[in-house]
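See below for the structure under consideration.
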Amino acid sequence: MRTYAITGGTDGIGRALGRLLLARGDRVIAVGSGAAKGAAFLADAADLGAAQRAHFLRADLSTVAGMRRAAEGVAQATDSLDAAVFGAQRFQTARAQTADGLEFTFALAYLSRAVLGEGLLPLLERAERPVIANLAGPGGLPGTIAWDDLQLRRRYSGRRAAMQGSRCNDLLGADFPARHPGARTRYVLYNPGFVRTAMADPLPPPARAATKALALVLAQPAAAAAARVRELLDDPPPEPAAAFFRRRRVPMTGPDFDPAAAARLRAVTAGILAGAARRA
Ligand SMILES: NC(=O)c1ccc[n+]([C@@H]2O[C@H](COP(=O)([O-])OP(=O)(O)OC[C@H]3O[C@@H](n4cnc5c(N)ncnc54)[C@H](OP(=O)(O)O)[C@@H]3O)[C@@H](O)[C@H]2O)c1
């Protein structure tokens, strides 16, 4: 029996993946911020006859304290981890600031993955063939990192924040081999393309209706995206880090994966986390 931790494991692709893994006899620790979605995940698991193998960990991954609590909660639940899958997200149409003074999307979509990736690595390294799967946007829509305004105080849009989060995750993945030379864990960045999920729920009504209508025609079901993630968990590429857009391999070259930018983000991230630790 393998053990998987999935952030955002209570909805969308994460939930569909959890269902696939539970159905084949594995153990799943789903992390999410809402009690109702957590209860639905557990009820689903019970229907599959997997109640004993399903765990819900409630944590707000937009706060550094919540990220740390989640890492501790996973460590309390298991001695070793076959994969950590990062899929927690919530689109923010208006700029929101977290308790740590960070822009919400930067914190949830990027920083939580940086913190949990490091925090869970000792558990992962104990598994036979461990994988970190970061569900983000490599090779997809363009976006840039606002190095001089990382918290997007001056020029915010939800799309800009989401795209910046994707670029930060590209660099996080590209930097993994430099941070952890010789690690057994494989880092996989995966862009599922357009998927029918709760992603559009936070949009204002007209945009929500339009996105949901488009999704009916153009998007793949969450279960199909989850099946691809499961393949990547079962059979990761041999390289320490790899990126995919759906089935297509994305070369980890060019500005999105630039080693100097990755090192810069690593340093900035360390500074942010040191500041949060001082305030705690
Ligand atoms: N859907 C797409 O078309 C698409 C395209 C490209 C990439 N992706 C990526 O794929 C991943 C999964 O996307 P999805 O569309 O399946 O997501 P989704 O259906 O919107 O589900 C998001 C999950 O994140 C959790 N979450 C939200 N805020 C949280 C918080 N503060 N703390 C902890 N958990 C939180 C949600 O649970 P609670 O609300 O209960 O917290 C839920 O389980 C994301 O990383 C996304 O960027 C998706």
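Simple scheme: letters A, B, ... for chains in structure tokens order, numbers from 1 for residues in each chain, numbers from 1 for ligands in the order shown.
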Contacts of chain A with ligand 1 up to 8 Å, shortest pair per row, only C-alpha atoms and all ligand atoms, as a tab-separated table:
residue	atom	partner	partner_atom_place_in_ligand_line	distance
A:Thr7	CA	ligand 1	34 (N)	6.2
A:Gly8	CA	ligand 1	43 (O)	3.3
A:Gly9	CA	ligand 1	43 (O)	4.9
A:Thr10	CA	ligand 1	43 (O)	3.9
A:Asp11	CA	ligand 1	43 (O)	3.9
A:Gly12	CA	ligand 1	19 (O)	3.3
A:Ile13	CA	ligand 1	16 (O)	3.8
A:Gly14	CA	ligand 1	16 (O)	5.8
A:Arg15	CA	ligand 1	43 (O)	6.9
A:Val31	CA	ligand 1	34 (N)	6.1
A:Gly32	CA	ligand 1	34 (N)	3.6
A:Ser33	CA	ligand 1	41 (O)	3.4
A:Gly34	CA	ligand 1	40 (O)	3.3
A:Ala35	CA	ligand 1	40 (O)	6.5
A:Ala36	CA	ligand 1	40 (O)	7.0
A:Lys37	CA	ligand 1	40 (O)	5.2
A:Gly38	CA	ligand 1	40 (O)	6.7
A:Arg58	CA	ligand 1	33 (C)	7.4
A:Ala59	CA	ligand 1	33 (C)	5.6
A:Asp60	CA	ligand 1	32 (N)	3.7
A:Leu61	CA	ligand 1	32 (N)	3.8
A:Ser62	CA	ligand 1	31 (N)	4.7
A:Thr63	CA	ligand 1	31 (N)	7.7
A:Gly66	CA	ligand 1	32 (N)	7.8
A:Phe86	CA	ligand 1	45 (O)	6.4
A:Gly87	CA	ligand 1	45 (O)	3.7
A:Ala88	CA	ligand 1	24 (O)	3.4
A:Gln89	CA	ligand 1	24 (O)	4.5
A:Arg90	CA	ligand 1	27 (C)	4.8
A:Phe91	CA	ligand 1	20 (O)	7.8
A:Leu108	CA	ligand 1	31 (N)	6.2
A:Ala109	CA	ligand 1	45 (O)	6.6
A:Asn134	CA	ligand 1	45 (O)	7.2
A:Leu135	CA	ligand 1	45 (O)	4.6
A:Ala136	CA	ligand 1	9 (C)	4.7
A:Gly137	CA	ligand 1	7 (C)	5.3
A:Ala162	CA	ligand 1	47 (O)	7.6
A:Ser166	CA	ligand 1	47 (O)	7.5
A:Tyr190	CA	ligand 1	7 (C)	7.8
A:Asn191	CA	ligand 1	7 (C)	5.2
A:Pro192	CA	ligand 1	6 (C)	5.2
A:Gly193	CA	ligand 1	5 (C)	4.8
A:Phe194	CA	ligand 1	3 (O)	3.6
A:Val195	CA	ligand 1	3 (O)	3.7
A:Arg196	CA	ligand 1	1 (N)	5.9
A:Thr197	CA	ligand 1	19 (O)	4.4
A:Ala198	CA	ligand 1	19 (O)	4.0
A:Met199	CA	ligand 1	20 (O)	3.8
A:Ala200	CA	ligand 1	20 (O)	7.3
A:Asp201	CA	ligand 1	20 (O)	7.7
A:Ala219	CA	ligand 1	3 (O)	7.1
A:Ala222	CA	ligand 1	16 (O)	6.7
Practice task
Please run DSSP on the backbone and report, as number ranges by chain, all residues within segment 24-165 of chain A that come out as helix (DSSP H, G or I).
Solution key: A: 35-47, 51-53, 64-77, 104-124, 147-149, 158-165
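Pairwise distance (atom CA of Pro237 of chain A, atom CA of Arg53 of chain A) equals 27.5 Å.
With only C-alpha atoms as the atoms that count, the minimum distance from Thr253 of chain A to the choices A:Val85, A:Ala213, A:Pro138, A:Arg184 is reached by A:Pro138.
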Polymer residues at most 8 Å from Thr185 of chain A, only C-alpha atoms, same-chain spacing of 5 or more positions, as a JSON list (two decimals) with N, CA and C atoms, in the first residue's frame:
[["chain", "number", "residue", "atom", "x", "y", "z"],
["A", 121, "LEU", "N", 10.06, 16.39, 2.16],
["A", 121, "LEU", "CA", 11.13, 15.65, 1.47],
["A", 121, "LEU", "C", 11.72, 14.49, 2.31],
["A", 124, "LEU", "N", 9.45, 11.64, 1.88],
["A", 124, "LEU", "CA", 9.49, 11.14, 0.51],
["A", 124, "LEU", "C", 10.75, 10.30, 0.27],
["A", 125, "GLU", "N", 11.86, 10.77, 0.78],
["A", 125, "GLU", "CA", 13.13, 10.08, 0.53],
["A", 125, "GLU", "C", 13.15, 8.67, 1.12],
["A", 129, "ARG", "N", 10.20, 4.92, -4.67],
["A", 129, "ARG", "CA", 10.30, 5.67, -5.94],
["A", 129, "ARG", "C", 9.49, 6.96, -5.80],
["A", 130, "PRO", "N", 9.98, 7.88, -4.95],
["A", 130, "PRO", "CA", 9.14, 9.03, -4.59],
["A", 130, "PRO", "C", 9.04, 10.11, -5.66],
["A", 131, "VAL", "N", 7.90, 10.80, -5.63],
["A", 131, "VAL", "CA", 7.63, 11.84, -6.63],
["A", 131, "VAL", "C", 6.97, 13.04, -5.96],
["A", 132, "ILE", "N", 7.36, 14.23, -6.39],
["A", 132, "ILE", "CA", 6.59, 15.43, -6.10],
["A", 132, "ILE", "C", 5.93, 15.83, -7.42],
["A", 240, "PRO", "N", 15.90, 14.16, -12.67],
["A", 240, "PRO", "CA", 15.47, 14.68, -11.36],
["A", 240, "PRO", "C", 14.27, 15.62, -11.45]]
Handout entry: Shell around Phe257 of chain A at 10 Å using only C-alpha atoms, local window under 6 positions removed, as an MDAnalysis selection string
Key = chainID A and resid 138 167:175 251
Handout entry: Sel. of strand (DSSP E) residues, segment 7-251 of chain A, as a PyMOL selection string
Key = chain A and resi 7+27-32+54-58+83-86+131-135+186-191+195-196+220-221+241-245+248-250
Exercise for the section: Quick one: everything within 12 Å of Ala71 of chain A, counting only C-alpha atoms, minus sequence neighbours fewer than 5 positions away in the same chain. Send it as a VMD selection string. Expected result: chain A and resid 5 to 7 29 to 31 57 to 61 64 to 66 76 to 78 81 84 112 to 124
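Of the residues under consideration (A:Ala161, A:Val217, A:Ala243, A:Leu42), A:Ala161 shows the shortest atom-to-atom contact distance to Leu102 of chain A when counting only C-alpha atoms.
Straight-line separation from atom CA of Ala276 of chain A to atom CA of Tyr187 of chain A: 26.0 Å.
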Exercise for the section: Using atom CA of Gly158 of chain A and atom CA of Leu203 of chain A as the two end points, give the distance in Å to one decimal. Expected result: 9.5 Å
Exercise for the section: Write out as a PyMOL selection string which residues come within 12 Å of Asp234 of chain A when counting only C-alpha atoms, dropping same-chain ones fewer than 2 positions away. Expected result: chain A and resi 2+4+21+82-83+128-133+186+188+227-232+236-238
Exercise for the section: Tell me which of A:Arg19, A:Arg68, A:Arg27, A:Arg264 sits closest to Phe41 of chain A, counting only C-alpha atoms. Expected result: A:Arg19
